[in-house]
$ cat structure.cif   # mmCIF, C-alpha atoms
data_model
#
loop_
_atom_site.label_atom_id
_atom_site.label_comp_id
_atom_site.auth_asym_id
_atom_site.auth_seq_id
_atom_site.Cartn_x
_atom_site.Cartn_y
_atom_site.Cartn_z
CA MET A 1304 35.66 20.54 54.69
CA ALA A 1305 38.39 22.84 55.95
CA ASN A 1306 39.56 23.80 52.47
CA GLU A 1307 37.56 25.13 49.58
CA LEU A 1308 37.35 23.75 46.08
CA ILE A 1309 38.85 26.89 44.51
CA GLU A 1310 42.14 26.42 46.38
CA PHE A 1311 42.69 22.92 45.01
CA VAL A 1312 41.77 24.07 41.50
CA LEU A 1313 44.24 26.97 41.71
CA VAL A 1314 47.07 24.62 42.76
CA SER A 1315 46.13 22.45 39.80
CA VAL A 1316 46.26 25.48 37.45
CA ALA A 1317 49.73 26.37 38.78
CA LEU A 1318 50.95 22.81 38.11
CA LEU A 1319 49.47 22.94 34.60
CA GLY A 1320 51.35 26.19 33.90
CA ILE A 1321 54.64 24.72 35.14
CA GLY A 1322 54.08 21.63 33.01
CA ILE A 1323 53.39 23.68 29.88
CA TYR A 1324 56.55 25.71 30.56
CA GLY A 1325 58.64 22.56 30.86
CA LEU A 1326 57.13 21.00 27.76
CA SER A 1327 57.79 24.08 25.63
CA VAL A 1328 61.26 25.07 26.88
CA LYS A 1329 63.14 21.85 27.66
CA ARG A 1330 64.85 19.92 24.90
CA ASN A 1331 65.88 17.01 27.09
CA ALA A 1332 63.53 14.08 26.38
CA ILE A 1333 63.48 12.83 29.98
CA ARG A 1334 62.68 16.31 31.33
CA MET A 1335 59.80 16.56 28.86
CA LEU A 1336 58.44 13.33 30.36
CA PHE A 1337 58.68 15.00 33.82
CA ALA A 1338 56.55 17.87 32.47
CA VAL A 1339 53.95 15.44 31.07
CA GLU A 1340 53.77 13.71 34.46
CA ILE A 1341 53.20 17.05 36.21
CA ILE A 1342 50.34 17.90 33.82
CA VAL A 1343 48.71 14.47 34.29
CA ASN A 1344 48.92 14.91 38.07
CA ALA A 1345 47.28 18.34 37.84
CA ALA A 1346 44.41 16.72 35.94
CA ASN A 1347 44.07 13.96 38.56
CA LEU A 1348 44.01 16.53 41.37
CA ASN A 1349 41.18 18.34 39.58
CA LEU A 1350 39.22 15.10 39.18
CA ILE A 1351 39.47 14.20 42.87
CA ALA A 1352 38.69 17.76 44.02
CA PHE A 1353 35.53 18.01 41.95
CA ALA A 1354 34.50 14.47 42.94
CA ARG A 1355 34.75 15.41 46.64
CA PHE A 1356 32.72 18.58 46.28
CA MET A 1357 29.94 17.09 44.14
CA PRO A 1358 28.43 14.31 46.24
CA GLU A 1359 25.87 13.36 43.58
CA ALA A 1360 28.79 11.93 41.56
CA HIS A 1361 29.31 9.19 44.22
CA SER A 1362 32.58 7.35 43.61
CA GLY A 1363 32.72 8.13 39.88
CA GLY A 1364 35.48 10.74 40.09
CA GLN A 1365 37.74 8.58 42.23
CA THR A 1366 37.26 5.59 39.92
CA LEU A 1367 38.14 7.72 36.89
CA ALA A 1368 41.24 9.03 38.67
CA LEU A 1369 42.35 5.46 39.42
CA PHE A 1370 42.00 4.54 35.74
CA SER A 1371 43.90 7.69 34.79
CA ILE A 1372 46.80 6.82 37.13
CA ALA A 1373 47.03 3.30 35.68
CA ILE A 1374 47.01 4.55 32.07
CA ALA A 1375 49.69 7.13 32.95
CA ALA A 1376 51.88 4.29 34.27
CA ALA A 1377 51.57 2.48 30.94
CA GLU A 1378 52.36 5.70 29.07
CA VAL A 1379 55.53 6.32 31.08
CA ALA A 1380 56.76 2.75 30.48
CA VAL A 1381 56.40 3.12 26.71
CA GLY A 1382 57.79 6.69 26.73
CA LEU A 1383 60.91 5.70 28.65
CA SER A 1384 61.58 2.74 26.37
CA LEU A 1385 61.27 5.12 23.37
CA VAL A 1386 63.83 7.40 25.05
CA ILE A 1387 66.17 4.43 25.50
CA VAL A 1388 65.78 3.41 21.83
CA ALA A 1389 66.43 7.00 20.68
CA TYR A 1390 69.46 7.23 22.97
CA ARG A 1391 70.86 4.03 21.49
CA LEU A 1392 70.40 5.36 17.94
CA TYR A 1393 71.66 8.92 18.43
CA LYS A 1394 73.81 8.65 21.60
CA ASN A 1395 71.97 11.75 22.84
CA ILE A 1396 68.67 12.66 24.51
CA ASP A 1397 68.32 16.10 22.93
CA ILE A 1398 65.04 16.06 21.00
CA ALA A 1399 66.50 18.48 18.42
CA ASP A 1400 68.67 15.55 17.30
CA PHE A 1401 65.67 13.28 16.77
CA ARG A 1402 64.51 15.12 13.65
CA SER A 1403 65.38 12.40 11.19
CA LEU A 1404 63.63 9.19 12.13
CA LYS A 1405 65.77 6.89 9.99
CA GLY A 1406 68.38 6.13 12.60
CA MET B 1125 40.58 30.08 54.23
CA ALA B 1126 43.49 27.81 53.60
CA ASP B 1127 45.04 26.21 56.65
CA VAL B 1128 48.74 25.69 57.40
CA LEU B 1129 48.83 22.07 56.21
CA PHE B 1130 47.33 22.99 52.85
CA LEU B 1131 49.78 25.87 52.38
CA ALA B 1132 52.76 23.67 53.27
CA LEU B 1133 51.59 20.97 50.86
CA SER B 1134 51.09 23.41 48.01
CA VAL B 1135 54.51 25.01 48.57
CA LEU B 1136 56.07 21.51 48.59
CA THR B 1137 54.22 20.40 45.46
CA ILE B 1138 54.77 23.50 43.34
CA GLY B 1139 58.34 24.05 44.56
CA ALA B 1140 59.26 20.44 43.83
CA ALA B 1141 57.67 20.70 40.37
CA ILE B 1142 59.81 23.75 39.55
CA ALA B 1143 62.88 22.01 41.00
CA ALA B 1144 62.20 18.89 38.92
CA LEU B 1145 62.38 20.95 35.75
CA GLU B 1146 65.14 23.38 36.72
CA LEU B 1147 67.68 21.41 38.77
CA ARG B 1148 70.91 20.85 36.88
CA SER B 1149 71.20 17.13 37.53
CA LEU B 1150 68.51 14.81 36.16
CA ILE B 1151 68.91 12.53 39.18
CA TYR B 1152 68.04 15.29 41.65
CA GLY B 1153 65.31 16.32 39.21
CA SER B 1154 63.68 12.91 39.39
CA ILE B 1155 63.91 12.92 43.19
CA ALA B 1156 62.17 16.33 43.16
CA LEU B 1157 59.51 14.83 40.88
CA MET B 1158 58.94 12.23 43.61
CA GLY B 1159 58.27 15.20 45.96
CA THR B 1160 55.63 16.57 43.58
CA LEU B 1161 53.92 13.19 43.25
CA GLY B 1162 53.98 12.70 47.04
CA GLY B 1163 52.53 16.18 47.54
CA ILE B 1164 49.66 15.33 45.20
CA ALA B 1165 49.06 12.19 47.30
CA GLY B 1166 48.86 14.50 50.34
CA PHE B 1167 46.20 16.58 48.58
CA PHE B 1168 44.25 13.38 47.93
CA ILE B 1169 44.30 12.62 51.66
CA LEU B 1170 43.08 16.17 52.39
CA LEU B 1171 40.23 15.49 49.95
CA ASP B 1172 39.16 12.39 51.93
CA SER B 1173 40.25 9.94 49.23
CA PRO B 1174 42.74 7.71 51.07
CA PHE B 1175 42.39 4.86 48.56
CA VAL B 1176 43.44 7.03 45.61
CA ALA B 1177 46.28 8.49 47.71
CA MET B 1178 47.54 4.98 48.44
CA PHE B 1179 47.31 4.08 44.75
CA GLN B 1180 49.16 7.28 43.85
CA ILE B 1181 52.00 6.48 46.25
CA ALA B 1182 52.21 2.86 45.10
CA VAL B 1183 52.10 3.57 41.36
CA TYR B 1184 53.73 6.99 40.99
CA VAL B 1185 56.20 7.36 43.84
CA GLY B 1186 56.88 3.64 44.05
CA SER B 1187 57.19 2.57 40.44
CA ILE B 1188 57.16 5.42 37.92
CA ALA B 1189 59.71 7.56 39.79
CA VAL B 1190 62.00 4.55 40.27
CA LEU B 1191 61.63 3.64 36.58
CA ILE B 1192 62.61 7.20 35.61
CA LEU B 1193 65.59 7.05 37.99
CA PHE B 1194 66.83 3.84 36.36
CA THR B 1195 66.42 5.30 32.86
CA VAL B 1196 68.38 8.39 33.90
CA MET B 1197 71.17 6.16 35.12
CA LEU B 1198 71.29 4.35 31.76
CA VAL B 1199 72.16 7.64 30.04
CA LYS B 1200 75.72 8.91 29.67
CA ARG B 1201 77.11 10.92 32.57
CA GLU B 1202 77.72 14.16 30.67
CA LEU B 1203 74.17 14.18 29.33
CA ILE B 1204 72.69 13.97 32.84
CA PHE B 1205 74.34 17.23 33.87
CA LYS B 1206 74.13 19.07 30.54
CA LYS B 1207 71.39 21.67 30.29
CA ILE B 1208 70.14 22.11 26.75
CA GLU B 1209 67.84 25.04 26.12
CA ASP B 1210 67.86 28.33 24.25
CA PRO B 1211 67.49 31.49 26.37
CA LYS B 1212 65.04 32.96 23.86
CA ARG B 1213 62.78 29.94 24.11
CA LYS B 1214 63.05 30.10 27.89
CA PHE B 1215 61.56 33.60 28.06
CA ALA B 1216 58.84 32.60 25.59
CA GLY B 1217 58.08 29.57 27.78
CA ILE B 1218 57.87 31.68 30.94
CA GLY B 1219 55.51 34.05 29.08
CA LEU B 1220 53.36 31.10 27.95
CA MET B 1221 53.26 29.78 31.54
CA LEU B 1222 52.17 33.15 32.95
CA ILE B 1223 49.53 33.60 30.22
CA THR B 1224 48.14 30.12 30.93
CA MET B 1225 48.10 30.68 34.68
CA VAL B 1226 46.50 34.15 34.49
CA ALA B 1227 43.97 33.24 31.81
CA VAL B 1228 42.80 29.91 33.23
CA GLY B 1229 43.04 31.19 36.83
CA GLY B 1230 41.06 34.32 35.93
CA ILE B 1231 38.34 32.31 34.23
CA ILE B 1232 38.08 29.97 37.23
CA LEU B 1233 38.08 32.80 39.78
CA ASP B 1234 35.35 34.52 37.78
CA SER B 1235 33.19 31.40 37.50
CA GLY B 1236 30.91 29.80 40.03
CA VAL B 1237 33.55 27.38 41.31
CA LYS B 1238 34.20 29.72 44.26
CA THR B 1239 30.72 29.21 45.68
CA ILE B 1240 30.75 25.39 45.65
CA THR B 1241 30.92 24.01 49.18
CA THR B 1242 29.83 20.71 50.62
CA ASP B 1243 28.91 19.23 53.96
CA SER B 1244 28.30 15.73 52.70
CA PRO B 1245 30.31 12.86 54.19
CA PRO B 1246 33.20 11.48 52.09
CA VAL B 1247 32.64 8.52 49.79
CA ASP B 1248 33.45 5.20 51.42
CA PHE B 1249 36.29 3.44 49.60
CA ARG B 1250 34.38 0.17 49.75
CA GLU B 1251 32.01 1.73 47.24
CA ILE B 1252 34.91 2.13 44.77
CA GLY B 1253 35.75 -1.57 44.98
CA GLU B 1254 32.12 -2.47 44.45
CA ASP B 1255 31.91 -0.16 41.41
CA PHE B 1256 35.06 -1.64 39.94
CA LEU B 1257 33.66 -5.17 40.03
CA THR B 1258 30.10 -4.38 38.95
CA TYR B 1259 29.57 -1.30 36.79
CA TYR B 1260 33.14 -0.80 35.52
CA TRP B 1261 34.20 -4.42 34.95
CA PRO B 1262 34.65 -4.12 31.14
CA ALA B 1263 36.83 -1.04 31.66
CA LEU B 1264 38.85 -2.90 34.29
CA ILE B 1265 39.54 -5.78 31.89
CA ALA B 1266 40.40 -3.37 29.07
CA MET B 1267 42.81 -1.57 31.40
CA ALA B 1268 44.48 -4.84 32.34
CA LEU B 1269 44.97 -5.64 28.65
CA ILE B 1270 46.33 -2.13 27.98
CA LEU B 1271 48.82 -2.46 30.84
CA ALA B 1272 49.96 -5.90 29.69
CA SER B 1273 50.32 -4.80 26.07
CA SER B 1274 52.21 -1.64 27.02
CA VAL B 1275 54.67 -3.62 29.14
CA ILE B 1276 55.20 -6.06 26.26
CA GLY B 1277 55.57 -3.12 23.85
CA ALA B 1278 58.12 -1.44 26.12
CA LEU B 1279 60.11 -4.68 26.37
CA VAL B 1280 60.08 -5.16 22.58
CA LEU B 1281 61.16 -1.55 21.99
CA ALA B 1282 64.02 -1.62 24.48
CA ARG B 1283 65.26 -5.04 23.37
CA ARG B 1284 68.91 -5.23 22.28
CA GLU B 1285 69.41 -6.78 18.91
CA ASP B 1286 72.42 -8.93 19.65
CA THR B 1287 73.86 -10.94 16.83
CA ILE B 1288 75.19 -14.40 17.44
CA GLU B 1289 78.41 -15.01 15.56
CA ASN B 1290 80.47 -18.20 15.86
CA GLY B 1291 78.33 -19.33 18.75
CA GLN B 1292 79.33 -16.32 20.86
CA ARG B 1293 77.19 -13.36 21.80
CA THR B 1294 78.66 -10.08 20.68
CA ASP B 1295 77.29 -7.21 22.66
#

$ encode --input "structure.cif" --output "structure tokens"
Amino acid sequence: MANELIEFVLVSVALLGIGIYGLSVKRNAIRMLFAVEIIVNAANLNLIAFARFMPEAHSGGQTLALFSIAIAAAEVAVGLSLVIVAYRLYKNIDIADFRSLKG
Amino acid sequence: MADVLFLALSVLTIGAAIAALELRSLIYGSIALMGTLGGIAGFFILLDSPFVAMFQIAVYVGSIAVLILFTVMLVKRELIFKKIEDPKRKFAGIGLMLITMVAVGGIILDSGVKTITTDSPPVDFREIGEDFLTYYWPALIAMALILASSVIGALVLARREDTIENGQRTD
């Protein structure tokens, strides 16, 4: 391997930090979904990196990452449809407007 | 030591992630998110996992990013370009990001992760297919049901409740 495990893990930590920043600062619902996607991808990168560097795990890490990607796809579909419903109710995508859930 | 390809990929991935959150227009933001997801796929190829990289490109860059792009286009034009955030919260968020990065990064740099190296050959992707159909088959079926139910749930949520009056649809 040309690269070491620590480098991949550090990239993953940087992505996690950016995702936490986006999730805590942004009030736009779609941008918050971007931040969630970035965090999920950081987790997947970690899974694959550790799977490559621990050969006794065989293909377990890659299989888990594939499941994780598929579940994330389902999560985004539901999240985006929730954003569309909220936009139809409030005519806005600012989450500060979503406080009352009565519509 | 990190080589040039790795450095270029990490600059692309992290820069595109920052751009996705900070660009004024949501449309450019979602295109930058595509850059992040593609960069992660590049890391997967560097880690000798071409099958997962292909899956990442097909699912994330191919479908999720396009889905986000369509949702952005369904939203009103002013909202796409409007930035809504408080400056006070922004500084707090930057502080939280730096604390997370320094704390988690420090713990990892201090741990034994640095010493892990490997010379073993990469896992053959045929092994993944075999695992999927033998050991993981209940999980595979459960995942198929989850995907189907989430698509149905998304369709039900986003459905328009049109009322039919005098035999005509009123939208």

$ residues_around --input "structure.cif" --residues "Leu1313 (chain A)" --least-positions-apart "3" --cutoff "10 Å" --atoms "all atoms listed in the file" --output "compact mmCIF listing (two decimals) with C-alpha atoms, keeping the file's coordinate frame"
# COMPACT_ATOMS: atom_id res chain seq x y z
CA LEU A 1308 37.35 23.75 46.08
CA ILE A 1309 38.85 26.89 44.51
CA GLU A 1310 42.14 26.42 46.38
CA VAL A 1316 46.26 25.48 37.45
CA ALA A 1317 49.73 26.37 38.78
CA LEU A 1318 50.95 22.81 38.11
CA LEU A 1319 49.47 22.94 34.60
CA ALA A 1345 47.28 18.34 37.84
CA ASN A 1349 41.18 18.34 39.58
CA SER B 1134 51.09 23.41 48.01
CA MET B 1225 48.10 30.68 34.68
CA VAL B 1228 42.80 29.91 33.23
CA GLY B 1229 43.04 31.19 36.83
CA GLY B 1230 41.06 34.32 35.93
CA ILE B 1232 38.08 29.97 37.23
CA LEU B 1233 38.08 32.80 39.78

$ resolve_selection --input "structure.cif" --expression "the PyMOL selection byres ((chain A and resi 1358-1369) around 7)" --output "count of residues only"
16

$ resolve_selection --input "structure.cif" --expression "the PyMOL selection byres ((chain A and resi 1334) around 10)" --output "PyMOL selection string"
(chain A and resi 1325-1326+1328-1333+1335-1340+1396) or (chain B and resi 1144-1146+1150+1153-1154)

$ closest_residue --input "structure.cif" --among "A:Ile1341, A:Ala1305, A:Ala1376, A:Ala1352" --to "Met1158 (chain B)" --atoms "all atoms listed in the file"
A:Ile1341

$ atom_distance --input "structure.cif" --atom1 "CA of Pro1245 (chain B)" --atom2 "CA of Leu1129 (chain B)"
20.8 Å

$ closest_atom_pairs --input "structure.cif" --of "region 1257-1292 of chain B" --to "region 1381-1393 of chain A" --cutoff "9 Å" --atoms "only C-alpha atoms" --output "tab-separated table"
residue	atom	partner	partner_atom	distance
B:Ser1274	CA	A:Val1381	CA	6.3
B:Val1275	CA	A:Val1381	CA	7.4
B:Gly1277	CA	A:Val1381	CA	6.9
B:Ala1278	CA	A:Val1381	CA	4.9
B:Leu1279	CA	A:Ser1384	CA	7.6
B:Val1280	CA	A:Ser1384	CA	8.9
B:Leu1281	CA	A:Ser1384	CA	6.1
B:Ala1282	CA	A:Ser1384	CA	5.3
B:Arg1283	CA	A:Val1388	CA	8.6

$ closest_residue --input "structure.cif" --among "A:Val1343, A:Phe1353, A:Ala1399, A:Lys1394" --to "Glu1378 (chain A)" --atoms "all atoms listed in the file"
A:Val1343

$ axis_aligned_box --input "structure.cif" --around "region 1188-1204 of chain B" --padding-each-side "6 Å" --output "lines of an AutoDock Vina configuration file"
center_x = 67.4
center_y = 8.9
center_z = 34.8
size_x = 32.6
size_y = 22.5
size_z = 22.9

$ closest_residue --input "structure.cif" --among "B:Pro1174, B:Gly1217, B:Gly1139, B:Gly1186" --to "Ala1156 (chain B)" --atoms "all atoms listed in the file"
B:Gly1139

$ atom_distance --input "structure.cif" --atom1 "CA of Ile1342 (chain A)" --atom2 "CA of Glu1254 (chain B)"
29.3 Å

$ residues_around --input "structure.cif" --residues "Val1185 (chain B)" --least-positions-apart "6" --cutoff "10 Å" --atoms "only C-alpha atoms" --output "PyMOL selection string"
chain B and resi 1155+1157-1162+1165+1179+1191

$ decode --input "structure.cif" --residues "region 1315-1333 of chain A" --atoms "N, CA and C atoms" --output "compact mmCIF listing (two decimals), in the first residue's frame"
# COMPACT_ATOMS: atom_id res chain seq x y z
N SER A 1315 -11.19 11.48 6.81
CA SER A 1315 -12.53 11.17 7.30
C SER A 1315 -12.91 12.07 8.48
N VAL A 1316 -11.92 12.34 9.37
CA VAL A 1316 -12.19 13.23 10.51
C VAL A 1316 -12.49 14.64 10.01
N ALA A 1317 -11.74 15.10 8.99
CA ALA A 1317 -11.98 16.44 8.44
C ALA A 1317 -13.40 16.53 7.87
N LEU A 1318 -13.82 15.48 7.14
CA LEU A 1318 -15.18 15.49 6.58
C LEU A 1318 -16.23 15.49 7.69
N LEU A 1319 -15.97 14.74 8.76
CA LEU A 1319 -16.91 14.71 9.89
C LEU A 1319 -17.05 16.10 10.50
N GLY A 1320 -15.91 16.82 10.66
CA GLY A 1320 -15.95 18.17 11.22
C GLY A 1320 -16.75 19.11 10.35
N ILE A 1321 -16.53 19.03 9.02
CA ILE A 1321 -17.28 19.90 8.10
C ILE A 1321 -18.77 19.58 8.17
N GLY A 1322 -19.10 18.30 8.27
CA GLY A 1322 -20.50 17.91 8.35
C GLY A 1322 -21.15 18.42 9.62
N ILE A 1323 -20.44 18.34 10.75
CA ILE A 1323 -21.01 18.83 12.01
C ILE A 1323 -21.21 20.34 11.94
N TYR A 1324 -20.24 21.04 11.31
CA TYR A 1324 -20.39 22.49 11.13
C TYR A 1324 -21.65 22.80 10.33
N GLY A 1325 -21.84 22.11 9.21
CA GLY A 1325 -23.00 22.38 8.37
C GLY A 1325 -24.30 22.08 9.08
N LEU A 1326 -24.30 20.99 9.85
CA LEU A 1326 -25.53 20.58 10.54
C LEU A 1326 -25.89 21.56 11.64
N SER A 1327 -24.88 22.21 12.26
CA SER A 1327 -25.20 23.08 13.38
C SER A 1327 -25.44 24.52 12.94
N VAL A 1328 -24.87 24.95 11.81
CA VAL A 1328 -24.98 26.36 11.42
C VAL A 1328 -26.13 26.59 10.44
N LYS A 1329 -26.29 25.72 9.45
CA LYS A 1329 -27.24 25.99 8.37
C LYS A 1329 -28.66 25.83 8.84
N ARG A 1330 -29.54 26.70 8.33
CA ARG A 1330 -30.95 26.58 8.66
C ARG A 1330 -31.76 26.16 7.46
N ASN A 1331 -31.09 25.98 6.33
CA ASN A 1331 -31.76 25.55 5.11
C ASN A 1331 -31.87 24.02 5.14
N ALA A 1332 -33.08 23.49 5.01
CA ALA A 1332 -33.28 22.05 5.19
C ALA A 1332 -32.47 21.23 4.19
N ILE A 1333 -32.37 21.70 2.93
CA ILE A 1333 -31.67 20.93 1.92
C ILE A 1333 -30.17 20.92 2.22
